[in-house]
$ cat model-v9.tsv   # TSV, C-alpha atoms
chain	number	residue	atom	x	y	z
A	555	MET	CA	-27.48	123.64	-87.26
A	556	ILE	CA	-27.20	123.92	-91.08
A	557	ARG	CA	-30.29	124.40	-93.24
A	558	PHE	CA	-30.55	124.76	-97.00
A	559	GLU	CA	-33.78	126.34	-98.21
A	560	HIS	CA	-34.37	126.05	-101.98
A	561	VAL	CA	-30.73	126.85	-102.74
A	562	THR	CA	-29.66	127.15	-106.38
A	563	LYS	CA	-26.30	127.90	-107.95
A	564	ARG	CA	-26.40	128.84	-111.62
A	565	TYR	CA	-23.37	130.19	-113.50
A	566	ALA	CA	-23.31	132.88	-116.20
A	567	ASP	CA	-22.96	130.30	-118.99
A	568	GLY	CA	-26.26	128.74	-117.91
A	569	THR	CA	-24.74	125.76	-116.08
A	570	THR	CA	-26.75	124.80	-113.00
A	571	ALA	CA	-24.43	123.28	-110.40
A	572	VAL	CA	-27.05	123.02	-107.63
A	573	ASP	CA	-30.78	123.04	-108.32
A	574	ASP	CA	-33.39	123.93	-105.65
A	575	LEU	CA	-31.59	122.17	-102.81
A	576	SER	CA	-33.36	121.84	-99.44
A	577	PHE	CA	-32.07	119.76	-96.51
A	578	GLU	CA	-31.03	120.14	-92.89
A	579	VAL	CA	-28.06	118.90	-90.84
A	580	ALA	CA	-28.71	118.55	-87.12
A	581	GLU	CA	-26.27	119.73	-84.46
A	582	GLY	CA	-23.54	117.16	-83.89
A	583	GLU	CA	-24.49	115.18	-87.01
A	584	LEU	CA	-22.03	113.97	-89.63
A	585	VAL	CA	-23.58	114.07	-93.09
A	586	THR	CA	-21.70	112.73	-96.08
A	587	LEU	CA	-22.34	114.21	-99.52
A	588	VAL	CA	-21.59	111.53	-102.10
A	589	GLY	CA	-21.84	111.40	-105.85
A	590	PRO	CA	-19.82	111.41	-109.08
A	591	SER	CA	-17.54	114.26	-110.09
A	592	GLY	CA	-19.37	117.40	-111.18
A	593	CYS	CA	-22.63	116.56	-109.40
A	594	GLY	CA	-22.61	119.66	-107.16
A	595	LYS	CA	-21.54	118.23	-103.79
A	596	THR	CA	-18.43	120.42	-103.40
A	597	THR	CA	-20.36	123.45	-104.61
A	598	THR	CA	-22.93	122.73	-101.90
A	599	MET	CA	-20.26	122.60	-99.22
A	600	LYS	CA	-18.46	125.75	-100.39
A	601	MET	CA	-21.66	127.75	-100.25
A	602	VAL	CA	-21.79	127.12	-96.49
A	603	ASN	CA	-18.63	129.18	-95.90
A	604	ARG	CA	-19.39	131.51	-98.83
A	605	LEU	CA	-16.43	130.51	-100.96
A	606	ILE	CA	-19.21	130.24	-103.53
A	607	GLU	CA	-22.29	132.45	-103.35
A	608	PRO	CA	-25.70	130.92	-104.16
A	609	THR	CA	-27.83	132.31	-106.97
A	610	GLY	CA	-31.07	131.75	-105.10
A	611	GLY	CA	-32.47	130.49	-101.83
A	612	ARG	CA	-30.78	130.86	-98.47
A	613	ILE	CA	-28.53	128.96	-96.09
A	614	LEU	CA	-28.99	129.20	-92.33
A	615	LEU	CA	-26.25	128.48	-89.82
A	616	ASP	CA	-27.58	128.02	-86.31
A	617	GLY	CA	-30.66	130.02	-87.35
A	618	ASP	CA	-28.76	132.91	-88.93
A	619	ASP	CA	-28.86	133.68	-92.65
A	620	ILE	CA	-25.19	133.48	-93.67
A	621	SER	CA	-25.67	136.06	-96.44
A	622	ALA	CA	-25.90	138.70	-93.69
A	623	VAL	CA	-22.62	137.61	-92.05
A	624	ASP	CA	-19.21	138.98	-93.07
A	625	PRO	CA	-17.56	136.16	-95.09
A	626	VAL	CA	-14.21	136.43	-93.29
A	627	ARG	CA	-15.79	136.30	-89.86
A	628	LEU	CA	-18.01	133.43	-91.00
A	629	ARG	CA	-15.05	131.36	-92.22
A	630	ARG	CA	-13.23	131.79	-88.93
A	631	ARG	CA	-16.22	130.14	-87.23
A	632	ILE	CA	-16.14	127.13	-89.58
A	633	GLY	CA	-13.44	124.48	-89.74
A	634	TYR	CA	-12.37	123.60	-93.28
A	635	VAL	CA	-10.33	120.56	-94.35
A	636	ILE	CA	-9.41	119.85	-97.98
A	637	GLN	CA	-7.71	116.97	-99.76
A	638	GLN	CA	-4.46	118.87	-100.32
A	639	VAL	CA	-4.45	120.03	-96.66
A	640	GLY	CA	-2.98	123.45	-97.53
A	641	LEU	CA	-0.48	123.75	-94.68
A	642	PHE	CA	1.90	126.72	-94.71
A	643	PRO	CA	5.30	125.24	-95.68
A	644	HIS	CA	7.29	127.92	-93.82
A	645	LYS	CA	5.48	127.35	-90.51
A	646	THR	CA	5.94	124.54	-88.03
A	647	VAL	CA	3.20	122.03	-87.32
A	648	LEU	CA	2.36	123.81	-84.07
A	649	GLU	CA	2.24	127.21	-85.80
A	650	ASN	CA	0.06	125.81	-88.60
A	651	THR	CA	-2.38	124.37	-86.08
A	652	ALA	CA	-2.59	127.65	-84.16
A	653	THR	CA	-3.30	129.72	-87.29
A	654	VAL	CA	-7.00	130.41	-86.75
A	655	PRO	CA	-6.75	131.10	-82.99
A	656	HIS	CA	-4.06	133.70	-83.76
A	657	LEU	CA	-6.27	135.28	-86.44
A	658	LEU	CA	-9.05	135.48	-83.86
A	659	GLY	CA	-6.79	137.41	-81.53
A	660	TRP	CA	-6.04	134.68	-79.01
A	661	LYS	CA	-2.97	135.27	-76.89
A	662	ARG	CA	0.03	133.43	-78.28
A	663	GLY	CA	0.38	131.09	-75.30
A	664	LYS	CA	-3.31	130.16	-75.34
A	665	GLY	CA	-3.20	129.48	-79.09
A	666	ARG	CA	-0.13	127.25	-78.78
A	667	ASP	CA	-1.64	125.37	-75.85
A	668	ARG	CA	-4.81	124.75	-77.87
A	669	ALA	CA	-2.74	123.63	-80.86
A	670	ALA	CA	-0.76	121.20	-78.70
A	671	GLU	CA	-3.98	119.83	-77.24
A	672	LEU	CA	-5.45	119.22	-80.70
A	673	LEU	CA	-2.27	117.62	-82.06
A	674	ASP	CA	-2.33	115.19	-79.17
A	675	LEU	CA	-6.02	114.51	-79.85
A	676	VAL	CA	-5.31	113.52	-83.47
A	677	GLY	CA	-2.46	111.26	-82.42
A	678	LEU	CA	0.54	113.51	-83.04
A	679	ASP	CA	2.65	114.07	-79.94
A	680	PRO	CA	3.31	117.86	-79.93
A	681	SER	CA	6.69	117.34	-78.25
A	682	VAL	CA	7.72	115.17	-81.22
A	683	TYR	CA	5.92	116.79	-84.16
A	684	GLY	CA	5.22	120.36	-83.00
A	685	ASP	CA	8.51	121.82	-84.26
A	686	ARG	CA	8.59	119.91	-87.52
A	687	TYR	CA	7.67	121.42	-90.88
A	688	PRO	CA	5.03	120.00	-93.26
A	689	ASP	CA	7.63	118.53	-95.65
A	690	GLN	CA	8.95	116.43	-92.77
A	691	LEU	CA	5.62	114.65	-92.36
A	692	SER	CA	3.96	111.78	-94.21
A	693	GLY	CA	0.76	112.38	-96.16
A	694	GLY	CA	-1.34	110.88	-93.41
A	695	GLN	CA	0.36	113.00	-90.76
A	696	ARG	CA	-0.22	116.18	-92.78
A	697	GLN	CA	-3.87	115.25	-93.07
A	698	ARG	CA	-4.10	114.90	-89.29
A	699	VAL	CA	-2.55	118.33	-88.88
A	700	GLY	CA	-5.18	119.69	-91.27
A	701	VAL	CA	-7.95	118.24	-89.10
A	702	ALA	CA	-6.33	119.61	-85.93
A	703	ARG	CA	-6.02	123.08	-87.49
A	704	ALA	CA	-9.68	123.03	-88.52
A	705	LEU	CA	-10.69	122.23	-84.93
A	706	ALA	CA	-8.29	124.60	-83.19
A	707	ALA	CA	-10.73	127.47	-82.65
A	708	ASP	CA	-13.43	124.99	-81.55
A	709	PRO	CA	-15.82	125.78	-84.45
A	710	PRO	CA	-19.35	124.39	-84.28
A	711	VAL	CA	-19.24	123.34	-87.95
A	712	LEU	CA	-16.62	121.38	-89.86
A	713	LEU	CA	-16.49	121.19	-93.67
A	714	MET	CA	-14.39	118.39	-95.15
A	715	ASP	CA	-13.79	118.14	-98.89
A	716	GLU	CA	-12.46	114.65	-99.71
A	717	PRO	CA	-9.91	115.03	-96.89
A	718	PHE	CA	-8.57	111.46	-97.11
A	719	GLY	CA	-8.58	111.10	-100.87
A	720	ALA	CA	-4.87	111.79	-101.42
A	721	VAL	CA	-3.47	108.97	-99.25
A	722	ASP	CA	-3.10	105.26	-99.90
A	723	PRO	CA	-5.95	102.87	-98.95
A	724	VAL	CA	-4.31	101.57	-95.75
A	725	VAL	CA	-3.62	105.06	-94.40
A	726	ARG	CA	-7.07	106.17	-95.54
A	727	GLU	CA	-8.80	103.47	-93.50
A	728	ARG	CA	-6.68	104.36	-90.48
A	729	LEU	CA	-7.56	108.05	-90.83
A	730	GLN	CA	-11.24	107.20	-91.14
A	731	ASN	CA	-11.08	105.15	-87.94
A	732	GLU	CA	-9.28	107.92	-86.10
A	733	PHE	CA	-11.71	110.54	-87.35
A	734	LEU	CA	-14.69	108.51	-86.14
A	735	LYS	CA	-13.11	108.26	-82.69
A	736	LEU	CA	-12.39	111.99	-82.76
A	737	GLN	CA	-15.94	112.84	-83.82
A	738	ALA	CA	-17.29	110.73	-80.96
A	739	GLN	CA	-15.39	113.03	-78.59
A	740	VAL	CA	-15.90	116.47	-80.14
A	741	ARG	CA	-19.36	115.96	-81.79
A	742	LYS	CA	-19.04	118.65	-84.45
A	743	THR	CA	-21.65	119.29	-87.11
A	744	VAL	CA	-19.90	117.95	-90.20
A	745	LEU	CA	-20.47	118.11	-93.95
A	746	PHE	CA	-18.13	115.56	-95.52
A	747	VAL	CA	-17.74	115.43	-99.31
A	748	THR	CA	-16.63	112.18	-100.93
A	749	HIS	CA	-17.06	110.31	-104.21
A	750	ASP	CA	-16.56	106.96	-102.44
A	751	ILE	CA	-19.82	105.29	-101.35
A	752	GLU	CA	-17.98	102.99	-98.95
A	753	GLU	CA	-16.42	105.99	-97.19
A	754	ALA	CA	-19.80	107.74	-97.12
A	755	VAL	CA	-21.47	104.69	-95.60
A	756	ARG	CA	-18.73	104.15	-93.06
A	757	LEU	CA	-18.57	107.72	-91.76
A	758	GLY	CA	-22.00	109.27	-92.19
A	759	ASP	CA	-24.85	109.43	-89.71
A	760	ARG	CA	-26.83	110.23	-92.85
A	761	ILE	CA	-25.93	110.24	-96.53
A	762	ALA	CA	-26.98	112.66	-99.26
A	763	VAL	CA	-26.67	110.83	-102.59
A	764	TYR	CA	-26.30	113.37	-105.40
A	765	GLY	CA	-27.53	113.10	-108.95
A	766	GLN	CA	-26.85	116.08	-111.21
A	767	GLY	CA	-27.22	119.09	-108.92
A	768	ARG	CA	-29.93	117.43	-106.85
A	769	ILE	CA	-30.14	115.05	-103.91
A	770	GLU	CA	-31.65	111.75	-105.02
A	771	GLN	CA	-31.84	110.30	-101.48
A	772	PHE	CA	-31.07	111.67	-98.01
A	773	ASP	CA	-31.23	108.99	-95.37
A	774	SER	CA	-29.28	106.74	-93.00
A	775	PRO	CA	-26.54	104.57	-94.55
A	776	ALA	CA	-28.51	101.42	-93.77
A	777	THR	CA	-31.62	102.72	-95.54
A	778	VAL	CA	-29.71	103.98	-98.58
A	779	LEU	CA	-28.12	100.54	-98.96
A	780	GLY	CA	-31.18	98.51	-98.04
A	781	ALA	CA	-33.88	100.54	-99.76
A	782	PRO	CA	-32.51	102.77	-102.53
A	783	ALA	CA	-35.08	105.45	-103.35
A	784	THR	CA	-34.50	105.48	-107.12
A	785	PRO	CA	-32.89	103.30	-109.80
A	786	TYR	CA	-30.10	105.90	-109.95
A	787	VAL	CA	-29.29	105.42	-106.25
A	788	ALA	CA	-29.45	101.63	-106.60
A	789	ASP	CA	-27.00	101.81	-109.49
A	790	PHE	CA	-24.71	104.24	-107.67
A	791	VAL	CA	-24.43	102.24	-104.46
A	792	GLY	CA	-23.80	99.11	-106.51
A	793	ALA	CA	-25.10	95.59	-106.87
A	794	ASP	CA	-23.04	94.59	-103.81
A	795	ARG	CA	-24.96	96.99	-101.57
A	796	GLY	CA	-25.93	94.03	-99.38
A	797	LEU	CA	-22.25	93.48	-98.59
A	798	LYS	CA	-21.75	97.20	-98.00
A	799	ARG	CA	-24.66	97.14	-95.58
A	800	LEU	CA	-22.71	94.70	-93.40
A	801	SER	CA	-20.45	97.62	-92.44
A	802	VAL	CA	-23.35	99.64	-90.99
A	803	THR	CA	-25.26	96.81	-89.30
A	804	PRO	CA	-24.09	96.23	-85.72
A	805	ILE	CA	-24.15	92.94	-83.84
A	806	GLU	CA	-27.08	92.86	-81.41
A	807	GLU	CA	-27.77	90.41	-78.59
A	808	SER	CA	-30.80	89.09	-80.44
A	809	ASP	CA	-28.44	87.87	-83.19
A	810	LEU	CA	-26.55	85.50	-80.90
A	811	ASP	CA	-26.77	81.78	-80.24
A	812	GLN	CA	-26.16	80.33	-76.78
A	813	PRO	CA	-23.71	77.40	-76.92
A	814	PRO	CA	-22.73	75.13	-74.02
A	815	VAL	CA	-20.71	77.02	-71.42
A	816	VAL	CA	-18.22	75.67	-68.88
A	817	HIS	CA	-15.93	77.36	-66.39
A	818	LEU	CA	-12.19	77.15	-65.91
A	819	ASP	CA	-12.35	75.31	-62.60
A	820	ASP	CA	-15.06	72.84	-63.60
A	821	PRO	CA	-13.96	69.19	-63.51
A	822	LEU	CA	-13.30	67.89	-66.99
A	823	THR	CA	-15.91	65.20	-66.42
A	824	ALA	CA	-18.56	67.92	-65.93
A	825	ALA	CA	-17.60	69.46	-69.27
A	826	THR	CA	-17.86	66.03	-70.91
A	827	ASP	CA	-21.34	65.50	-69.50
A	828	ARG	CA	-22.45	68.96	-70.61
A	829	LEU	CA	-21.26	68.47	-74.17
A	830	ARG	CA	-22.83	65.02	-74.44
A	831	ALA	CA	-26.13	66.25	-73.04
A	832	GLU	CA	-26.34	69.00	-75.64
A	833	GLY	CA	-24.83	67.01	-78.49
A	834	ALA	CA	-22.24	69.74	-79.00
A	835	ARG	CA	-18.73	69.55	-80.43
A	836	TRP	CA	-17.34	72.41	-78.35
A	837	ALA	CA	-18.07	74.66	-75.41
A	838	VAL	CA	-17.15	78.22	-74.50
A	839	VAL	CA	-14.90	78.54	-71.46
A	840	LEU	CA	-15.51	81.37	-68.98
A	841	ASP	CA	-13.64	82.52	-65.89
A	842	GLY	CA	-15.16	82.95	-62.45
A	843	ARG	CA	-16.75	86.29	-63.40
A	844	ASP	CA	-18.35	84.90	-66.57
A	845	ASN	CA	-15.84	86.71	-68.74
A	846	LEU	CA	-14.63	85.05	-71.92
A	847	HIS	CA	-11.51	82.94	-71.51
A	848	GLY	CA	-11.46	80.50	-74.46
A	849	TRP	CA	-13.06	77.32	-75.71
A	850	ILE	CA	-12.73	73.57	-75.39
A	851	PRO	CA	-13.44	70.95	-78.09
A	852	ALA	CA	-15.34	67.75	-77.34
A	853	ASP	CA	-12.38	65.58	-78.27
A	854	ALA	CA	-10.34	67.17	-75.48
A	855	THR	CA	-12.87	65.92	-72.93
A	856	ALA	CA	-13.72	62.55	-74.46
A	857	SER	CA	-10.32	60.90	-74.14
A	858	PRO	CA	-10.14	58.26	-71.34
A	859	ASP	CA	-6.84	59.81	-70.28
A	860	ALA	CA	-8.31	63.30	-69.92
A	861	THR	CA	-8.38	64.32	-66.26
A	862	GLY	CA	-8.25	67.43	-64.13
A	863	THR	CA	-10.13	70.64	-64.78
A	864	VAL	CA	-11.23	72.55	-67.84
A	865	ARG	CA	-8.42	75.04	-67.24
A	866	GLU	CA	-5.78	72.47	-68.23
A	867	HIS	CA	-7.43	71.75	-71.59
A	868	ALA	CA	-8.96	75.09	-72.61
A	869	ARG	CA	-7.76	76.70	-75.82
A	870	ARG	CA	-7.16	80.35	-76.50
A	871	MET	CA	-10.02	82.28	-78.11
A	872	GLU	CA	-8.84	84.21	-81.18
A	873	ALA	CA	-12.16	84.94	-82.88
A	874	TRP	CA	-14.15	87.39	-80.75
A	875	LEU	CA	-15.68	90.85	-81.05
A	876	PRO	CA	-17.50	93.32	-78.81
A	877	LEU	CA	-21.25	93.77	-78.99
A	878	GLY	CA	-22.07	96.52	-81.50
A	879	ALA	CA	-19.20	95.72	-83.86
A	880	PRO	CA	-20.34	95.76	-87.52
A	881	LEU	CA	-21.33	92.54	-89.20
A	882	LYS	CA	-18.65	93.21	-91.81
A	883	GLN	CA	-16.00	92.97	-89.11
A	884	ALA	CA	-17.60	89.78	-87.82
A	885	PHE	CA	-17.49	88.24	-91.30
A	886	ALA	CA	-13.87	89.30	-91.76
A	887	THR	CA	-12.94	87.82	-88.36
A	888	MET	CA	-14.53	84.49	-89.30
A	889	LEU	CA	-12.54	84.41	-92.54
A	890	GLN	CA	-9.29	85.50	-90.87
A	891	HIS	CA	-9.43	82.72	-88.28
A	892	ASP	CA	-11.21	80.14	-90.47
A	893	ALA	CA	-13.84	80.06	-87.72
A	894	GLY	CA	-17.36	78.67	-87.89
A	895	TRP	CA	-18.42	81.09	-85.15
A	896	ILE	CA	-17.13	84.04	-83.17
A	897	ALA	CA	-17.66	84.90	-79.51
A	898	VAL	CA	-19.32	88.21	-78.65
A	899	ILE	CA	-18.58	90.03	-75.41
A	900	ASP	CA	-19.76	93.11	-73.54
A	901	GLU	CA	-16.70	95.37	-73.31
A	902	GLU	CA	-18.46	97.69	-70.89
A	903	SER	CA	-18.55	94.90	-68.29
A	904	GLU	CA	-14.91	93.85	-68.72
A	905	GLY	CA	-15.52	91.11	-71.24
A	906	ARG	CA	-18.70	89.37	-70.03
A	907	PHE	CA	-19.61	86.65	-72.52
A	908	LEU	CA	-22.92	87.24	-74.33
A	909	GLY	CA	-23.14	84.49	-76.95
A	910	VAL	CA	-21.78	83.46	-80.35
A	911	LEU	CA	-22.45	84.62	-83.88
A	912	THR	CA	-22.50	82.00	-86.62
A	913	PRO	CA	-22.58	82.55	-90.40
A	914	ALA	CA	-26.26	81.59	-90.49
A	915	ARG	CA	-27.10	84.05	-87.72
A	916	LEU	CA	-25.01	86.75	-89.42
A	917	HIS	CA	-27.04	86.32	-92.61
A	918	GLU	CA	-30.25	86.37	-90.60
A	919	ALA	CA	-29.17	89.57	-88.83
A	920	LEU	CA	-28.57	91.28	-92.16
A	921	ARG	CA	-31.98	90.24	-93.48
A	922	ARG	CA	-33.73	91.34	-90.29
A	923	SER	CA	-31.95	94.69	-90.46
A	924	ILE	CA	-33.26	95.32	-93.97
A	925	ASP	CA	-36.78	94.25	-93.03
A	926	ALA	CA	-36.70	96.34	-89.84
A	927	ASP	CA	-35.93	99.48	-91.84
A	928	ALA	CA	-38.71	98.69	-94.29
A	929	GLN	CA	-41.22	98.10	-91.48
A	930	HIS	CA	-39.90	100.90	-89.21
A	931	VAL	CA	-39.59	98.59	-86.20
A	932	PRO	CA	-36.65	97.46	-84.02
A	933	ARG	CA	-34.59	94.67	-85.52
A	934	ALA	CA	-35.32	92.28	-82.66
A	935	GLU	CA	-39.03	92.39	-83.53
A	936	VAL	CA	-38.51	91.09	-87.06
A	937	ALA	CA	-38.79	87.36	-87.77
A	938	VAL	CA	-37.33	86.03	-91.00
A	939	GLU	CA	-37.69	82.62	-92.58
A	940	THR	CA	-34.36	80.80	-92.78
A	941	VAL	CA	-33.31	77.57	-94.44
A	942	ALA	CA	-32.57	76.03	-91.03
A	943	ARG	CA	-36.00	76.94	-89.66
A	944	ALA	CA	-37.82	75.79	-92.77
A	945	ALA	CA	-36.07	72.41	-92.60
A	946	THR	CA	-37.20	71.81	-89.02
A	947	ALA	CA	-40.74	73.17	-89.41
$ encode --input "model-v9.tsv" --output "structure tokens"
Amino acid sequence: MIRFEHVTKRYADGTTAVDDLSFEVAEGELVTLVGPSGCGKTTTMKMVNRLIEPTGGRILLDGDDISAVDPVRLRRRIGYVIQQVGLFPHKTVLENTATVPHLLGWKRGKGRDRAAELLDLVGLDPSVYGDRYPDQLSGGQRQRVGVARALAADPPVLLMDEPFGAVDPVVRERLQNEFLKLQAQVRKTVLFVTHDIEEAVRLGDRIAVYGQGRIEQFDSPATVLGAPATPYVADFVGADRGLKRLSVTPIEESDLDQPPVVHLDDPLTAATDRLRAEGARWAVVLDGRDNLHGWIPADATASPDATGTVREHARRMEAWLPLGAPLKQAFATMLQHDAGWIAVIDEESEGRFLGVLTPARLHEALRRSIDADAQHVPRAEVAVETVARAATA
């Protein structure tokens, strides 16, 4: 969708902002451009909508050389979101959102309907917020309006220049989550500029790590964190890149252990026998459809006075996650609940229990993920030596 071919931007004073840049962004892909201030990432983005003209090379948008396209018409085909949002203070939220459709000649009713649809999509009820003015909104709400406005004319390409940089960390994380959900629905081709490697890793399908005017590495977040291409990239992503990689490594079924399992209506004596047979201190409790219900400790079944069914002694399960959740979230859940394991379920089948993830298996999953990238094979095919395995060998 977007292709840079040997693009250079050199200013009259001899400063080279971008030097012989060549890369491609596929349709529907979100690429984050990350690097320190002054490295050329914003210049790169602004050349796509011709706010800055390149000195050499060419940029293609959906196969067309943008230098042959009228800049105004080009910009109306590209959504653009900036850190300061840039809403018109004298226009309502609905009017701000409908700006580009009106410029494109849409009928007023159609433009307002589209604006209302987009406001709802970004979590702002148009019946509540549509008639408000920008100064009546919080920073996070204004940022959502900026995203809605950029999407209003349904552009194929979205340019975002540190759009969440001006809000506090809590709101920023919430906006990132909402944007990921939005992108999953609209699948725009996105260039996203940030100086924050954690934001780049969290949002990007691929990351372009900038040095001075050049891309040092252009790859998936997992590869950038697991196998930095140069010492510069390794230094930029940080010594804690292993921890950062947790956020882009999903839980897979091959990562899970299979503990003892009992069902709600099983006699308590059957649960006792199962736990003794497996030498386990607890069992996962499932309902009649094998969906996760809770857990039961061995001491609840071992008492001579314990009678009845598992249902009467089962405990609520607090520590659980869906398959595909990032390992970082799994680690955080373990810490939050002081849990030695978390249950993993299949949300697509209404909560079917799949297994449990332990700290040892989490560490193993991270190591296998790194090795899988290095060997270019699926993660499940990678075997790693662990302390537990070595001790029993």
$ atom_distance --input "model-v9.tsv" --atom1 "atom CA of A:Leu846" --atom2 "atom CA of A:Met871"
8.2 Å
$ closest_residue --input "model-v9.tsv" --among "A:Tyr565, A:Phe558, A:Trp895, A:Trp660" --to "A:Leu916" --atoms "all atoms listed in the file"
A:Trp895
$ closest_residue --input "model-v9.tsv" --among "A:Glu732, A:Thr912, A:Ser808, A:Arg830" --to "A:Pro932" --atoms "only C-alpha atoms"
A:Ser808
$ atom_distance --input "model-v9.tsv" --atom1 "atom CA of A:Val747" --atom2 "atom CA of A:Met599"
7.6 Å
$ closest_residue --input "model-v9.tsv" --among "A:Val721, A:Val744, A:Leu584, A:Val787" --to "A:Ile769" --atoms "all atoms listed in the file"
A:Val787
$ atom_distance --input "model-v9.tsv" --atom1 "atom CA of A:Gln739" --atom2 "atom CA of A:Ala873"
28.6 Å
$ residues_around --input "model-v9.tsv" --residues "A:Pro851" --least-positions-apart "5" --cutoff "9 Å" --atoms "only C-alpha atoms" --output "PyMOL selection string"
chain A and resi 834-838+867-869
$ closest_residue --input "model-v9.tsv" --among "A:Leu587, A:Ala622, A:Val676, A:Val572" --to "A:Asp773" --atoms "all atoms listed in the file"
A:Leu587
$ closest_residue --input "model-v9.tsv" --among "A:Leu800, A:Arg768, A:Ile620, A:Asp685" --to "A:Tyr786" --atoms "all atoms listed in the file"
A:Arg768
$ closest_residue --input "model-v9.tsv" --among "A:Ala781, A:Ala788, A:Val936, A:Ala825" --to "A:Thr861" --atoms "all atoms listed in the file"
A:Ala825
$ residues_around --input "model-v9.tsv" --residues "A:Lys645" --least-positions-apart "5" --cutoff "9 Å" --atoms "only C-alpha atoms" --output "list in words"
Asn650, Asp685, Arg686, Tyr687 and Pro688 of chain A
$ residues_around --input "model-v9.tsv" --residues "stretch 637-640 of chain A" --least-positions-apart "4" --cutoff "8 Å" --atoms "all atoms listed in the file" --output "JSON, numbers by chain"
{"A": [696, 697, 700, 715, 716, 717, 718, 719, 720]}
